[in-house]
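K.L.:
Just dropping this structure here.
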Amino acid sequence: MHPTIDIGDVIGRAFAVYRAQAGLILPAAVLVFLPVAVLEGILQASEDSIGLALLSLAVSLVAGFWFQGMVVEAVRDIQDGRRDFTLGELVRAPAPVLGVLVAAGVLAGVGIVLGLVLFIVPGLLLLTWWAVVIPVVVVERPGLGPAFGRSRDLVRGNAWRVFGLLILLLVILGLASGVVALVFLAVSDTAVGAAAASLVSNVLVVPFFSITVATLYFALRAAHGEAPVPALAQRSYGPGGFAPPQTPTPERPDVGLQ
């Protein structure tokens, strides 16, 4: 019998982390997403520019995955009930795995989108199996390929619960971001309004999504009986204080949502 998680508990813990870490996560979000908002505003105000659009996309991707890495570290940091990170330490924490983070995020996104466009069901399966690939990369550092298998192994036995949680989060994220955009564009239907809407959405809405995914990862680890991993700020072993990579658990040939 597979270990199960309580989705209500995951959401409740995510709200608790959001409140407890808001003083750290929200300023970090401003630092990371302000350049993204500025570029989006410039893009809105300028003539069509492929070069500027590509630059904006690249900066947005890097900023998004950098921030997700920061959130994973912030959620892990508070697992022991206290905050050990400073803002500067949190911002720097994902740097060693940033390349893998971006690669994993892009590959997962492409795979999920192609699956949804071509067959729908495979896309939903990949969305579920790869739900915690970003936390796996940040915490366990197994490498790009093994991170996907490790995510699927953690989700095994809770796939329907994870799927339901992700759909709920995406609906909440979409509605909240839409409301923010409508409010700001109603006040200022200009490039400034678009940039402000982007910044507010990324600072207030996106963190909850990222916190919930990180909380889900730690809940899945606990459900499988795995020991907590010390926060990066608390480590004193290995090069640079990082934990050695963990060997992913071999996959079993299960098919479909479990």
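Note on naming: chains are A, B, ... as they come in the structure tokens, residues start from 1 per chain, ligands start from 1 in the order shown.
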With only C-alpha atoms as the counted atoms, please give the residues lying no more than 7 Å from A:Val155, apart from itself and same-chain residues fewer than 4 positions off, as a list in words.

P.N.:
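So the residues in contact are Trp129, Ser151, Ala159 and Leu220 of chain A.
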
K.L.:
Would you export the selected residues with C-alpha atoms as a PDB file, in the first residue's frame, please?

P.N.:
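What ended up in result.pdb:
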ATOM      1  CA  TRP A 129       4.500  13.027 -12.410  1.00  0.00           C
ATOM      2  CA  SER A 151       9.711  13.370  -8.927  1.00  0.00           C
ATOM      3  CA  ALA A 159      -1.025  10.975  -8.195  1.00  0.00           C
ATOM      4  CA  LEU A 220       5.591  13.555  -0.123  1.00  0.00           C
TER       5      LEU A 220
END

K.L.:
For A:Val72, please output as a ChimeraX atom specification all residues within 10 Å (counting only C-alpha atoms; exclusion window: fewer than 3 positions along the same chain).

P.N.:
/A:67-69,75-77,90,93-94,134-139,210-215,217-218,231

K.L.:
Generate a file of the selected residues that holds C-alpha atoms, formatted as a CSV table (one decimal), in the first residue's frame.

P.N.:
chain,number,residue,atom,x,y,z
A,67,PHE,CA,12.6,32.5,-7.6
A,68,GLN,CA,11.1,28.9,-7.4
A,69,GLY,CA,14.5,27.7,-6.1
A,75,VAL,CA,10.1,26.5,2.9
A,76,ARG,CA,12.9,24.0,3.8
A,77,ASP,CA,14.4,26.6,6.1
A,90,LEU,CA,18.1,33.3,0.1
A,93,ALA,CA,21.0,30.0,-2.6
A,94,PRO,CA,19.7,28.7,-6.0
A,134,ILE,CA,12.0,21.7,-9.2
A,135,PRO,CA,12.2,21.0,-5.4
A,136,VAL,CA,14.0,17.8,-6.2
A,137,VAL,CA,16.6,19.7,-8.2
A,138,VAL,CA,17.1,22.2,-5.5
A,139,VAL,CA,17.1,19.9,-2.4
A,210,SER,CA,5.6,28.1,-5.4
A,211,ILE,CA,5.3,27.7,-1.7
A,212,THR,CA,2.5,25.1,-2.1
A,213,VAL,CA,4.6,23.0,-4.6
A,214,ALA,CA,7.5,23.1,-2.2
A,215,THR,CA,5.3,22.1,0.7
A,217,TYR,CA,7.4,18.0,-2.0
A,218,PHE,CA,8.3,17.9,1.7
A,231,ALA,CA,18.2,23.9,5.5

K.L.:
So how far away is atom CA of A:Val180 from atom CA of A:Leu165, in Å?

P.N.:
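One can read the atom CA of A:Leu165 to atom CA of A:Val180 distance as 22.4 Å.
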
K.L.:
In Å, how far is it from atom CA of A:Gly111 to atom CA of A:Ile5?

P.N.:
26.2 Å

K.L.:
Pick from A:Ile7, A:Ile42, A:Val100, A:Ile120: nearest to A:Phe163, with only C-alpha atoms counted?

P.N.:
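Once distances to A:Phe163 are computed over only C-alpha atoms, the minimum belongs to A:Ile7.
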
K.L.:
So which residues touch A:Val38 within 12 Å, counting only C-alpha atoms, skipping near sequence neighbours fewer than 2 positions away, as a ChimeraX atom specification?

P.N.:
/A:30-36,40-45,52,55-56,59-60,191-199

K.L.:
Considering only C-alpha atoms, can you say which of A:Gly178, A:Val132, A:Phe148, A:Gly157 comes closest to A:Ala223?

P.N.:
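Checking each of A:Gly178, A:Val132, A:Phe148, A:Gly157 against A:Ala223, counting only C-alpha atoms, the winner is A:Gly157.
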